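Here is coords.txt, consisting of compact mmCIF, C-alpha atoms:
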```txt
# COMPACT_ATOMS: atom_id res chain seq x y z
CA MET A 510 -54.47 14.90 -17.20
CA ASN A 511 -55.19 18.46 -18.42
CA GLY A 512 -52.50 21.07 -19.12
CA LYS A 513 -53.01 22.95 -15.84
CA LYS A 514 -52.70 19.83 -13.69
CA THR A 515 -49.71 18.63 -15.74
CA GLY A 516 -47.99 21.98 -15.26
CA SER A 517 -48.66 21.91 -11.51
CA PHE A 518 -47.25 18.40 -11.23
CA ILE A 519 -44.14 19.36 -13.17
CA ASN A 520 -43.69 22.43 -10.96
CA PHE A 521 -44.01 20.23 -7.87
CA LEU A 522 -41.40 17.82 -9.20
CA GLU A 523 -39.09 20.67 -10.20
CA LYS A 524 -39.32 22.14 -6.72
CA TYR A 525 -38.71 18.97 -4.71
CA PHE A 526 -37.29 16.35 -7.07
CA THR A 527 -35.10 18.30 -9.51
CA PRO A 528 -32.61 19.63 -6.91
CA ILE A 529 -31.95 16.07 -5.69
CA ALA A 530 -31.70 14.69 -9.23
CA SER A 531 -29.40 17.52 -10.31
CA LYS A 532 -27.09 16.94 -7.36
CA ILE A 533 -26.92 13.23 -8.12
CA GLU A 534 -26.35 13.94 -11.81
CA ARG A 535 -23.36 16.20 -11.03
CA GLN A 536 -21.69 13.58 -8.84
CA ARG A 537 -18.49 12.71 -10.69
CA HIS A 538 -19.01 8.96 -10.88
CA ILE A 539 -22.61 9.28 -12.08
CA SER A 540 -21.52 11.94 -14.59
CA SER A 541 -18.78 9.70 -15.98
CA ILE A 542 -21.20 6.79 -16.32
CA LYS A 543 -23.78 8.93 -18.09
CA ASN A 544 -21.29 10.52 -20.49
CA GLY A 545 -19.69 7.14 -21.08
CA MET A 546 -23.02 5.60 -22.00
CA ILE A 547 -23.78 8.46 -24.38
CA GLY A 548 -20.44 7.74 -26.04
CA LEU A 549 -21.66 4.21 -26.85
CA MET A 550 -24.44 5.55 -29.10
CA ALA A 551 -22.60 4.95 -32.39
CA VAL A 552 -21.67 1.39 -31.42
CA LEU A 553 -25.24 0.60 -30.42
CA MET A 554 -26.71 2.03 -33.61
CA VAL A 555 -24.40 -0.01 -35.86
CA GLY A 556 -25.27 -3.19 -33.98
CA SER A 557 -28.99 -2.40 -33.94
CA PHE A 558 -29.24 -1.92 -37.69
CA SER A 559 -27.48 -5.22 -38.24
CA LEU A 560 -29.97 -6.94 -35.93
CA ILE A 561 -32.90 -5.31 -37.72
CA ILE A 562 -31.68 -6.55 -41.12
CA MET A 563 -31.41 -10.06 -39.68
CA ALA A 564 -34.93 -9.79 -38.24
CA ILE A 565 -36.37 -8.66 -41.58
CA GLY A 566 -34.77 -11.66 -43.26
CA GLY A 567 -36.34 -13.98 -40.71
CA MET A 568 -39.84 -12.70 -41.56
CA PHE A 569 -39.86 -14.24 -45.05
CA PRO A 570 -41.44 -17.70 -45.56
CA ASP A 571 -39.27 -20.79 -45.24
CA GLY A 572 -37.98 -21.92 -48.62
CA SER A 573 -38.31 -18.49 -50.26
CA VAL A 574 -35.34 -17.07 -52.17
CA VAL A 575 -34.90 -14.22 -49.70
CA LYS A 576 -35.08 -16.52 -46.66
CA LEU A 577 -32.55 -18.92 -48.24
CA PHE A 578 -30.23 -15.97 -48.92
CA PHE A 579 -30.43 -14.79 -45.32
CA ASP A 580 -29.96 -18.32 -43.99
CA LYS A 581 -26.83 -18.73 -46.10
CA TYR A 582 -25.25 -15.39 -45.25
CA ASN A 583 -26.71 -14.83 -41.79
CA SER A 584 -23.34 -15.22 -40.06
CA ILE A 585 -21.82 -12.51 -42.27
CA ILE A 586 -24.81 -10.16 -41.97
CA GLY A 587 -24.65 -10.59 -38.20
CA LEU A 588 -20.96 -9.68 -37.86
CA PRO A 589 -21.63 -5.99 -37.06
CA PHE A 590 -24.00 -7.11 -34.28
CA THR A 591 -21.47 -9.64 -32.96
CA PHE A 592 -18.62 -7.14 -32.86
CA THR A 593 -20.70 -4.35 -31.30
CA PHE A 594 -23.19 -5.85 -28.83
CA GLY A 595 -20.96 -8.89 -28.36
CA LEU A 596 -18.10 -6.66 -27.11
CA LEU A 597 -20.20 -3.97 -25.49
CA SER A 598 -18.38 -4.26 -22.16
CA VAL A 599 -15.06 -3.44 -23.83
CA TYR A 600 -16.44 -0.33 -25.56
CA CYS A 601 -18.06 0.67 -22.27
CA ALA A 602 -14.72 0.36 -20.46
CA VAL A 603 -13.06 2.57 -23.06
CA SER A 604 -15.77 5.25 -22.95
CA ILE A 605 -16.19 5.43 -19.17
CA SER A 606 -12.44 5.27 -18.48
CA TYR A 607 -11.91 8.17 -20.88
CA ASN A 608 -14.65 10.33 -19.37
CA HIS A 609 -13.60 9.60 -15.79
CA ALA A 610 -9.95 10.31 -16.61
CA ARG A 611 -11.00 13.70 -17.95
CA GLN A 612 -12.73 14.50 -14.69
CA LEU A 613 -9.75 13.42 -12.59
CA ASP A 614 -7.27 15.06 -14.97
CA ILE A 615 -5.01 12.08 -15.60
CA PRO A 616 -3.63 10.78 -18.94
CA PHE A 617 -6.47 9.34 -21.04
CA LEU A 618 -4.60 6.59 -22.85
CA HIS A 619 -3.29 4.73 -19.81
CA ALA A 620 -6.59 5.17 -17.98
CA ILE A 621 -8.34 3.48 -20.91
CA ILE A 622 -5.74 0.70 -20.96
CA GLY A 623 -6.28 0.14 -17.22
CA GLY A 624 -10.08 0.12 -17.52
CA VAL A 625 -10.08 -2.32 -20.44
CA LEU A 626 -7.48 -4.53 -18.74
CA THR A 627 -9.55 -4.82 -15.56
CA THR A 628 -12.74 -5.44 -17.55
CA LEU A 629 -11.12 -8.23 -19.55
CA ILE A 630 -9.68 -9.94 -16.48
CA LEU A 631 -13.00 -9.90 -14.60
CA ASN A 632 -15.26 -10.78 -17.56
CA VAL A 633 -13.13 -13.37 -19.35
CA LYS A 634 -12.18 -16.80 -18.06
CA VAL A 635 -10.06 -19.66 -19.37
CA VAL A 636 -11.93 -22.89 -20.17
CA ASP A 637 -9.77 -25.85 -21.25
CA GLY A 638 -7.00 -23.50 -22.25
CA VAL A 639 -9.30 -21.32 -24.38
CA LEU A 640 -10.50 -17.81 -23.53
CA ASP A 641 -14.26 -17.67 -22.93
CA THR A 642 -15.28 -14.15 -24.02
CA SER A 643 -19.04 -14.71 -23.93
CA PHE A 644 -19.49 -12.31 -20.98
CA LEU A 645 -17.96 -9.36 -22.79
CA ASP A 646 -21.44 -8.52 -24.07
CA SER A 647 -24.06 -6.58 -22.12
CA ARG A 648 -23.96 -9.17 -19.32
CA GLY A 649 -20.51 -7.89 -18.39
CA LEU A 650 -21.52 -4.25 -18.59
CA PHE A 651 -22.07 -3.87 -14.86
CA VAL A 652 -18.55 -5.13 -14.17
CA ALA A 653 -17.12 -2.90 -16.91
CA ILE A 654 -18.74 0.22 -15.45
CA PHE A 655 -17.45 -0.18 -11.93
CA ALA A 656 -14.14 -1.76 -12.91
CA SER A 657 -13.41 1.27 -15.09
CA LEU A 658 -14.37 3.77 -12.40
CA LEU A 659 -12.32 2.03 -9.70
CA THR A 660 -9.35 1.59 -12.03
CA VAL A 661 -9.21 5.27 -12.96
CA GLU A 662 -9.69 6.30 -9.31
CA LEU A 663 -6.77 4.06 -8.30
CA MET A 664 -4.57 5.40 -11.08
CA ALA A 665 -5.36 8.97 -10.04
CA PHE A 666 -4.52 8.09 -6.42
CA PHE A 667 -1.05 6.85 -7.39
CA MET A 668 -0.30 9.60 -9.90
CA LYS A 669 -1.40 12.54 -7.77
CA ARG A 670 0.65 11.25 -4.84
CA LYS A 671 3.58 10.65 -7.21
CA ILE A 672 3.78 6.93 -6.39
CA THR A 673 5.17 6.37 -9.85
CA ILE A 674 8.36 5.91 -11.83
CA ARG A 675 9.55 9.35 -12.93
CA PHE A 676 12.47 10.36 -15.14
CA LYS A 677 13.36 13.97 -15.79
CA GLY A 678 14.04 15.19 -19.30
CA LEU A 679 11.92 12.60 -21.13
CA PRO A 680 9.26 13.58 -23.69
CA ASP A 681 5.76 13.77 -22.21
CA GLY A 682 4.49 10.64 -23.96
CA ILE A 683 7.34 8.46 -22.72
CA SER A 684 7.27 10.06 -19.27
CA GLN A 685 3.55 9.31 -18.88
CA THR A 686 4.16 5.71 -19.91
CA PHE A 687 6.67 5.19 -17.10
CA GLU A 688 4.35 6.94 -14.62
CA ALA A 689 1.56 4.49 -15.50
CA ILE A 690 3.62 1.34 -14.88
CA ILE A 691 3.20 1.08 -11.07
CA PRO A 692 -0.54 1.92 -11.12
CA LEU A 693 -1.15 -0.58 -13.94
CA VAL A 694 0.81 -3.32 -12.14
CA MET A 695 -1.24 -2.75 -8.97
CA ILE A 696 -4.47 -2.79 -10.97
CA LEU A 697 -3.42 -6.02 -12.68
CA PHE A 698 -2.60 -7.65 -9.33
CA LEU A 699 -5.89 -6.59 -7.73
CA ALA A 700 -8.03 -7.63 -10.71
CA VAL A 701 -6.37 -11.05 -10.93
CA SER A 702 -6.80 -11.53 -7.16
CA VAL A 703 -10.48 -10.65 -7.28
CA ASN A 704 -11.05 -12.90 -10.28
CA ALA A 705 -9.24 -15.84 -8.67
CA THR A 706 -11.27 -15.41 -5.47
CA ILE A 707 -14.58 -15.36 -7.36
CA LEU A 708 -13.61 -18.43 -9.41
CA ASN A 709 -12.72 -20.36 -6.26
CA LEU A 710 -15.84 -19.34 -4.32
CA THR A 711 -18.23 -20.13 -7.19
CA GLY A 712 -16.59 -23.27 -8.50
CA GLY A 713 -15.39 -21.78 -11.78
CA SER A 714 -17.83 -18.95 -12.50
CA ASN A 715 -16.47 -15.48 -13.19
CA LEU A 716 -18.00 -12.33 -11.70
CA PRO A 717 -20.77 -11.57 -14.26
CA GLU A 718 -21.60 -15.27 -14.59
CA ALA A 719 -21.94 -15.63 -10.82
CA PHE A 720 -24.09 -12.51 -10.70
CA THR A 721 -26.35 -13.85 -13.47
CA HIS A 722 -26.84 -17.35 -12.08
CA PHE A 723 -26.68 -17.00 -8.32
CA LEU A 724 -28.63 -13.76 -7.83
CA ALA A 725 -31.61 -14.72 -10.01
CA PRO A 726 -34.90 -14.69 -8.08
CA SER A 727 -36.28 -17.98 -6.84
CA ILE A 728 -40.01 -18.32 -7.27
CA ASN A 729 -42.19 -21.27 -8.25
CA SER A 730 -44.54 -19.57 -10.72
CA ILE A 731 -44.40 -16.44 -12.82
CA ASP A 732 -47.98 -16.40 -14.10
CA THR A 733 -49.26 -14.07 -11.37
CA PRO A 734 -49.46 -10.27 -11.17
CA TYR A 735 -47.03 -10.34 -8.22
CA ALA A 736 -44.45 -12.27 -10.24
CA VAL A 737 -44.95 -9.97 -13.24
CA PHE A 738 -44.26 -6.93 -11.06
CA LEU A 739 -41.22 -8.53 -9.40
CA ILE A 740 -39.63 -9.75 -12.64
CA SER A 741 -40.22 -6.44 -14.40
CA PHE A 742 -38.96 -4.49 -11.39
CA LEU A 743 -35.76 -6.56 -11.26
CA GLU A 744 -35.29 -6.20 -15.01
CA MET A 745 -35.62 -2.42 -14.80
CA ILE A 746 -33.24 -2.21 -11.82
CA PHE A 747 -30.65 -4.19 -13.77
CA TRP A 748 -31.10 -2.02 -16.86
CA PHE A 749 -30.87 1.15 -14.77
CA ILE A 750 -27.45 0.17 -13.43
CA GLY A 751 -26.23 -0.78 -16.90
CA LEU A 752 -27.00 -4.51 -16.98
CA ASN A 753 -29.13 -6.22 -19.60
CA GLY A 754 -31.95 -7.21 -17.24
CA TYR A 755 -33.62 -9.32 -19.90
CA ALA A 756 -30.45 -11.37 -20.47
CA ILE A 757 -29.98 -11.89 -16.73
CA LEU A 758 -33.51 -13.09 -16.04
CA ILE A 759 -34.43 -14.85 -19.28
CA GLY A 760 -32.61 -18.06 -18.31
CA PHE A 761 -34.81 -18.34 -15.25
CA VAL A 762 -38.05 -17.19 -16.85
CA LEU A 763 -37.85 -18.96 -20.22
CA PRO A 764 -38.57 -22.51 -18.97
CA PHE A 765 -41.80 -21.28 -17.35
CA MET A 766 -42.81 -19.27 -20.43
CA THR A 767 -42.11 -22.17 -22.78
CA GLN A 768 -44.28 -24.48 -20.69
CA TYR A 769 -47.07 -21.90 -20.61
CA LEU A 770 -46.85 -21.41 -24.40
CA GLY A 771 -47.30 -25.12 -25.00
CA GLU A 772 -50.39 -25.20 -22.81
CA ASN A 773 -51.75 -22.04 -24.46
CA ALA A 774 -51.23 -23.42 -27.97
CA ALA A 775 -52.91 -26.71 -27.06
CA ALA A 776 -55.87 -24.88 -25.51
CA TYR A 777 -56.21 -22.62 -28.58
CA ALA A 778 -56.15 -25.62 -30.95
CA ALA A 779 -58.82 -27.34 -28.84
CA GLY A 780 -60.97 -24.20 -28.72
CA GLU A 781 -60.60 -23.92 -24.96
CA PRO A 782 -59.88 -20.80 -22.84
CA ILE A 783 -56.21 -19.76 -22.84
CA PRO A 784 -54.85 -20.68 -19.38
CA HIS A 785 -51.71 -18.51 -19.08
CA VAL A 786 -50.68 -14.90 -19.67
CA PHE A 787 -46.91 -14.94 -19.11
CA ALA A 788 -46.07 -16.91 -22.26
CA PRO A 789 -43.29 -15.83 -24.63
CA ASN A 790 -43.99 -12.49 -26.30
CA PHE A 791 -46.03 -11.19 -23.35
CA TRP A 792 -42.69 -10.04 -21.96
CA ASP A 793 -41.34 -8.99 -25.36
CA TYR A 794 -44.29 -7.14 -26.87
CA PHE A 795 -46.53 -6.06 -24.01
CA LEU A 796 -44.48 -5.87 -20.82
CA GLY A 797 -41.71 -4.39 -22.98
CA PHE A 798 -43.71 -2.73 -25.75
CA SER A 799 -41.24 -0.89 -28.05
CA GLY A 800 -38.34 -2.02 -25.83
CA SER A 801 -37.57 -2.76 -22.19
CA GLY A 802 -39.02 0.01 -20.06
CA ILE A 803 -41.48 0.90 -22.86
CA THR A 804 -38.73 3.17 -24.17
CA GLY A 805 -40.71 3.90 -27.33
CA ALA A 806 -42.53 6.48 -25.21
CA ILE A 807 -39.22 8.26 -24.56
CA VAL A 808 -38.42 8.08 -28.29
CA ILE A 809 -41.67 9.87 -29.13
CA LEU A 810 -41.08 12.52 -26.48
CA ALA A 811 -37.51 12.99 -27.73
CA LEU A 812 -38.72 13.50 -31.31
CA PHE A 813 -40.67 16.56 -30.17
CA SER A 814 -38.00 17.82 -27.77
CA LYS A 815 -36.63 21.36 -27.91
CA SER A 816 -33.17 19.92 -27.29
CA LYS A 817 -31.11 19.15 -30.40
CA GLU A 818 -29.29 16.39 -28.54
CA LEU A 819 -32.45 14.63 -27.36
CA LYS A 820 -34.14 15.03 -30.74
CA ALA A 821 -31.15 13.41 -32.45
CA VAL A 822 -31.33 10.44 -30.07
CA GLY A 823 -35.07 10.16 -30.77
CA ARG A 824 -34.58 10.12 -34.53
CA ALA A 825 -31.84 7.51 -34.29
CA SER A 826 -33.99 5.29 -32.05
CA VAL A 827 -37.24 5.13 -34.03
CA VAL A 828 -36.45 2.07 -36.15
CA PRO A 829 -34.86 0.14 -33.25
CA ALA A 830 -37.98 0.86 -31.16
CA VAL A 831 -40.18 -0.70 -33.85
CA PHE A 832 -38.13 -3.86 -33.39
CA THR A 833 -38.31 -3.50 -29.56
CA ILE A 834 -34.60 -2.65 -29.27
CA SER A 835 -34.16 -0.36 -26.27
CA GLU A 836 -30.37 -0.01 -26.03
CA PRO A 837 -30.10 3.19 -28.16
CA VAL A 838 -32.37 4.97 -25.69
CA VAL A 839 -31.24 3.26 -22.48
CA PHE A 840 -27.56 3.91 -23.18
CA GLY A 841 -27.79 6.80 -25.66
CA LEU A 842 -30.15 9.23 -23.92
CA PRO A 843 -29.18 7.82 -21.42
CA VAL A 844 -31.64 6.22 -19.00
CA VAL A 845 -28.84 4.29 -17.28
CA PHE A 846 -27.94 5.93 -13.95
CA ASN A 847 -30.13 8.90 -14.89
CA PRO A 848 -31.97 9.93 -11.70
CA TYR A 849 -34.63 11.78 -13.69
CA PHE A 850 -35.98 8.50 -15.11
CA PHE A 851 -35.70 6.25 -12.07
CA ILE A 852 -39.36 6.58 -10.99
CA PRO A 853 -41.09 5.98 -14.37
CA PHE A 854 -38.54 3.46 -15.64
CA VAL A 855 -38.01 1.32 -12.55
CA LEU A 856 -41.38 1.69 -10.82
CA GLY A 857 -43.73 2.76 -13.60
CA THR A 858 -42.84 -0.04 -16.03
CA PRO A 859 -43.77 -2.95 -13.72
CA THR A 860 -46.96 -1.12 -12.75
CA LEU A 861 -48.01 -0.91 -16.40
CA GLY A 862 -46.98 -4.54 -16.77
CA VAL A 863 -49.42 -5.61 -14.07
CA LEU A 864 -52.21 -3.58 -15.69
CA SER A 865 -51.49 -5.33 -19.00
CA TYR A 866 -51.55 -8.68 -17.22
CA PHE A 867 -55.08 -8.03 -15.94
CA VAL A 868 -56.27 -7.04 -19.44
CA PHE A 869 -55.28 -10.53 -20.63
CA ASP A 870 -56.40 -12.29 -17.46
CA LEU A 871 -59.88 -10.76 -17.68
CA GLY A 872 -60.26 -12.01 -21.24
CA TRP A 873 -60.37 -8.60 -22.91
CA VAL A 874 -57.46 -9.65 -25.16
CA ARG A 875 -56.35 -13.20 -25.99
CA PRO A 876 -53.02 -14.09 -24.28
CA PRO A 877 -50.04 -15.07 -26.48
CA ILE A 878 -50.40 -18.40 -28.25
CA ALA A 879 -47.34 -18.21 -30.54
CA ASN A 880 -43.74 -17.04 -30.38
CA VAL A 881 -42.95 -14.53 -33.13
CA GLY A 882 -39.63 -13.17 -31.89
CA GLY A 883 -37.97 -10.61 -34.15
CA THR A 884 -41.22 -9.37 -35.70
CA PRO A 885 -41.75 -5.59 -35.68
CA ILE A 886 -44.59 -3.89 -33.83
CA PRO A 887 -47.58 -3.75 -34.23
CA LEU A 888 -47.53 -6.89 -36.39
CA ALA A 889 -45.93 -8.83 -33.53
CA GLN A 890 -48.85 -8.08 -31.19
CA PHE A 891 -51.34 -9.50 -33.67
CA LEU A 892 -49.36 -12.59 -34.73
CA SER A 893 -48.45 -13.61 -31.17
CA THR A 894 -52.10 -13.52 -30.01
CA MET A 895 -54.06 -13.77 -33.28
CA ASP A 896 -56.27 -11.07 -31.79
CA TRP A 897 -56.63 -7.62 -33.42
CA ARG A 898 -57.40 -6.14 -29.99
CA ALA A 899 -53.79 -6.81 -29.01
CA ILE A 900 -52.71 -4.04 -31.41
CA ILE A 901 -54.99 -1.58 -29.61
CA LEU A 902 -53.64 -2.76 -26.26
CA GLY A 903 -50.07 -2.20 -27.43
CA PHE A 904 -50.71 1.39 -28.44
CA ALA A 905 -52.72 1.97 -25.26
CA ILE A 906 -49.68 0.86 -23.25
CA LEU A 907 -47.53 3.27 -25.27
CA ALA A 908 -49.96 6.15 -24.72
CA VAL A 909 -50.06 5.61 -20.96
CA ALA A 910 -46.26 5.31 -20.91
CA ILE A 911 -45.94 8.68 -22.69
CA LEU A 912 -48.08 10.29 -19.99
CA MET A 913 -46.02 8.52 -17.33
CA TYR A 914 -42.67 9.65 -18.70
CA TYR A 915 -43.74 13.16 -19.74
CA PRO A 916 -43.11 15.16 -16.52
CA PHE A 917 -39.81 13.42 -15.83
CA PHE A 918 -38.69 13.83 -19.45
CA LYS A 919 -39.47 17.55 -19.31
CA MET A 920 -37.31 17.93 -16.21
CA TYR A 921 -34.42 16.13 -17.87
CA GLU A 922 -34.95 18.13 -21.07
CA LYS A 923 -34.69 21.33 -19.05
CA SER A 924 -31.30 20.28 -17.64
CA VAL A 925 -30.04 19.31 -21.13
CA LEU A 926 -31.26 22.60 -22.62
CA ALA A 927 -29.42 24.53 -19.90
CA LYS A 928 -26.19 22.72 -20.81
CA GLU A 929 -26.73 23.29 -24.53
CA LYS A 930 -27.36 26.99 -23.90
CA GLN A 931 -24.16 27.24 -21.86
CA GLU A 932 -22.15 25.49 -24.58
CA GLU A 933 -23.61 27.78 -27.26
CA LYS A 934 -22.76 30.82 -25.13
CA GLN A 935 -19.17 29.65 -24.73
CA LYS A 936 -18.90 28.96 -28.47
CA SER A 937 -20.35 32.38 -29.27
CA SER A 938 -17.81 34.05 -26.96
CA LEU A 939 -14.94 32.25 -28.71
CA ASP A 940 -16.32 33.18 -32.14
CA GLU A 941 -16.48 36.84 -31.14
CA LEU A 942 -12.78 36.79 -30.26
CA ASP A 943 -12.05 35.89 -33.90
CA LEU A 944 -8.74 34.33 -32.96
CA ASP A 945 -6.44 33.48 -35.86
CA PHE A 946 -3.43 31.34 -35.02
```

File written out as structure tokens:
Amino acid sequence: MNGKKTGSFINFLEKYFTPIASKIERQRHISSIKNGMIGLMAVLMVGSFSLIIMAIGGMFPDGSVVKLFFDKYNSIIGLPFTFTFGLLSVYCAVSISYNHARQLDIPFLHAIIGGVLTTLILNVKVVDGVLDTSFLDSRGLFVAIFASLLTVELMAFFMKRKITIRFKGLPDGISQTFEAIIPLVMILFLAVSVNATILNLTGGSNLPEAFTHFLAPSINSIDTPYAVFLISFLEMIFWFIGLNGYAILIGFVLPFMTQYLGENAAAYAAGEPIPHVFAPNFWDYFLGFSGSGITGAIVILALFSKSKELKAVGRASVVPAVFTISEPVVFGLPVVFNPYFFIPFVLGTPTLGVLSYFVFDLGWVRPPIANVGGTPIPLAQFLSTMDWRAIILGFAILAVAILMYYPFFKMYEKSVLAKEKQEEKQKSSLDELDLDF
């Protein structure tokens, strides 16, 4: 695509697509979700670096001094990951509740308490008298997002209509505490009621667990281009609304992939043609090259962005992208609930996935014969297929993804630059006043 055609396409999108995307972006719920996800950037980066260190340790040979060290202290090295990604729903509830409370102009602290309280009730269940917190990770993110929004909306409804406990003459902090009691009690009652209903209807599964297990697609085979498109499309839809699509679908897909890997390995050892494409690491390193949604393409575009904010996200996401970690981009840019990226992320990714499938199916590149999870790109492409052409395929996927994302990224960049310019103008006006208190 030459520069003239690219410019014409961008102009077309700016004329017809940008007004719709901008209107959606300004909608208060979407805005709170986006700003809340941006607020998670620090948490995601800390967890990502911990995961990368663990992955590097796993690359050393069994029995080596370094590998023995990592095996011994892996639980300690992994603590930052456990307490960041493992509690991502809680941090999400804090961030979104805060941002939505700012928009609705209600006290931040009690809004955050309400959002976290609702998130905990809906994502945690009691098993044999012990709290099961396993769904406080990214699998509970969808619940955290909407629980926080609804909680803050309900609190604003009560407070603005003065359905609260009010005492005159009290300090503001104490007064706000009493005002939050009735809204928080109502929120607690509603959250417990919803949770109890879900547990009864599902036979003991909480809301995110029911969503994960009962809404998974039901198909008999995944080693077809149609299944590749469907699985990737569902994964991208889940990611776009704040859910870890990979975590939701992997339980369904993994048994198929494991079976295919065994057959592929046996065929490779016998010198026979490789029968399957959708074995482990096809999803990880080709369908999701550089991260779910091929987000490495966005990282590269962000590195060359005129926006300071986008460039900072790009720099922070380079190393995670090498280890196919997409969260810093998905939640930090963000891609989640960002209308500018819906078309390339949700529709473009599965399309590229199908094209990759045919490259393997036609025999141009050997399909995966080994599982090398945790290995950085491009080494992972080679080791999983034992075919040097897989490295070329990986970078070809990235190049096409860059072209796919480019016009949509430029539109989003333009909106971010406009906001940055406005903020700089406001800061400049304040500096000119030279106020000295």

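A straight line drawn from atom CA of Gly805 of chain A to atom CA of Ala788 of chain A is 22.1 Å long.
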
Nearest to Val831 of chain A by atom-to-atom distance, counting only C-alpha atoms, from A:Val909, A:Ala889, A:Ile683, A:Ala927: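 Of the candidates, the smallest distance to Val831 of chain A is held by A:Ala889.
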
Taken to one decimal, the atom CA of Trp792 of chain A-atom CA of Leu549 of chain A distance is 25.9 Å

Which of these, A:Pro848, A:Pro843, A:Pro782, A:Pro916, has the shortest distance to Gly548 of chain A once you count only C-alpha atoms?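 Of A:Pro848, A:Pro843, A:Pro782, A:Pro916, the one nearest Gly548 of chain A, counting only C-alpha atoms, is A:Pro843.
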
Just how far from atom CA of Leu861 of chain A is atom CA of Leu907 of chain A, in Å to one decimal?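 Computed distance, atom CA of Leu907 of chain A to atom CA of Leu861 of chain A, equals 9.8 Å.
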
Name the residues in contact with Glu688 of chain A at a cut-off of 9 Å, using only C-alpha atoms, excluding same-chain residues fewer than 2 positions from it; report them as a list of chain:residue names.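 The neighbour list is A:Met668, A:Lys671, A:Ile672, A:Thr673, A:Ile674, A:Arg675, A:Phe676, A:Ile683, A:Ser684, A:Gln685, A:Thr686, A:Ile690, A:Ile691, A:Pro692.
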
Find the residues of segment 703-796 of chain A that sit at most 12 Å from segment 628-643 of chain A; for each, write down the nearest two atoms and how far apart they are in Å, to one decimal. Count only C-alpha atoms. Sort by chain, then by number going up, and give it as CSV.
```
residue,atom,partner,partner_atom,distance
A:Val703,CA,A:Leu631,CA,7.8
A:Asn704,CA,A:Leu631,CA,5.6
A:Ala705,CA,A:Leu631,CA,9.2
A:Thr706,CA,A:Leu631,CA,10.8
A:Ile707,CA,A:Leu631,CA,9.2
A:Leu708,CA,A:Lys634,CA,8.9
A:Gly713,CA,A:Lys634,CA,8.6
A:Ser714,CA,A:Lys634,CA,8.2
A:Asn715,CA,A:Asn632,CA,6.5
A:Leu716,CA,A:Leu631,CA,6.3
A:Pro717,CA,A:Asn632,CA,6.5
A:Glu718,CA,A:Asn632,CA,8.3
A:Ala719,CA,A:Asn632,CA,10.7
A:Phe720,CA,A:Asn632,CA,11.3
```

Residue neighbourhood Ala756 of chain A, 12 Å, only C-alpha atoms, exclusion window fewer than 3 positions, as number ranges by chain: A: 644, 646-650, 717-718, 720-722, 725, 743-745, 747-748, 751-753, 759-763, 801

Which residues, written as an MDAnalysis selection string, have at least one atom at most 7 Å from Ala806 of chain A, with all atoms listed in the file counted and residues fewer than 4 positions away on the same chain left out? chainID A and resid 810 907 910:911

Contact residues around Ile615 of chain A with all atoms listed in the file at 10 Å, ignoring same-chain residues under 5 positions, as a PyMOL selection string: chain A and resi 607+609-610+620+661-662+664-665+668-669+685

Neighbouring residues of Pro887 of chain A were defined as those with any atom within 12 Å, considering all atoms listed in the file; residues of the same chain fewer than 4 positions away were excluded. Please report them as JSON, numbers by chain. {"A": [794, 795, 798, 799, 830, 831, 832, 833, 881, 883, 891, 892, 893, 894, 895, 896, 897, 898, 899, 900, 901, 902, 903, 904, 905, 907]}

Selected residue of minimal separation from Glu929 of chain A among A:Ser865, A:Val822, A:Lys817, A:Thr804, counting all atoms listed in the file: A:Lys817

Could you list, with a cut-off of 10 Å and counting all atoms listed in the file, the residues of segment 803-829 of chain A near segment 555-559 of chain A, each shown with its nearest atom pair and the distance in Å rounded to one decimal, rows sorted by chain and ascending number, as CSV?
```
residue,atom,partner,partner_atom,distance
A:Ser826,CA,A:Ser557,CA,9.4
A:Val828,CA,A:Phe558,CA,8.4
A:Pro829,CA,A:Ser557,CA,6.4
```

Edge lengths and centre, in Å to one decimal, as lines of an AutoDock Vina configuration file: that's what I need for the box along x, y and z that holds all listed atoms of segment 843-848 of chain A plus 6 Å on each side.
```
center_x = -30.0
center_y = 7.1
center_z = -16.6
size_x = 16.0
size_y = 17.6
size_z = 21.7
```

I need the residue nearest Thr733 of chain A from this list: A:Ile757, A:Val855, A:Leu659, A:Val863. Use all atoms listed in the file for the distance. A:Val863
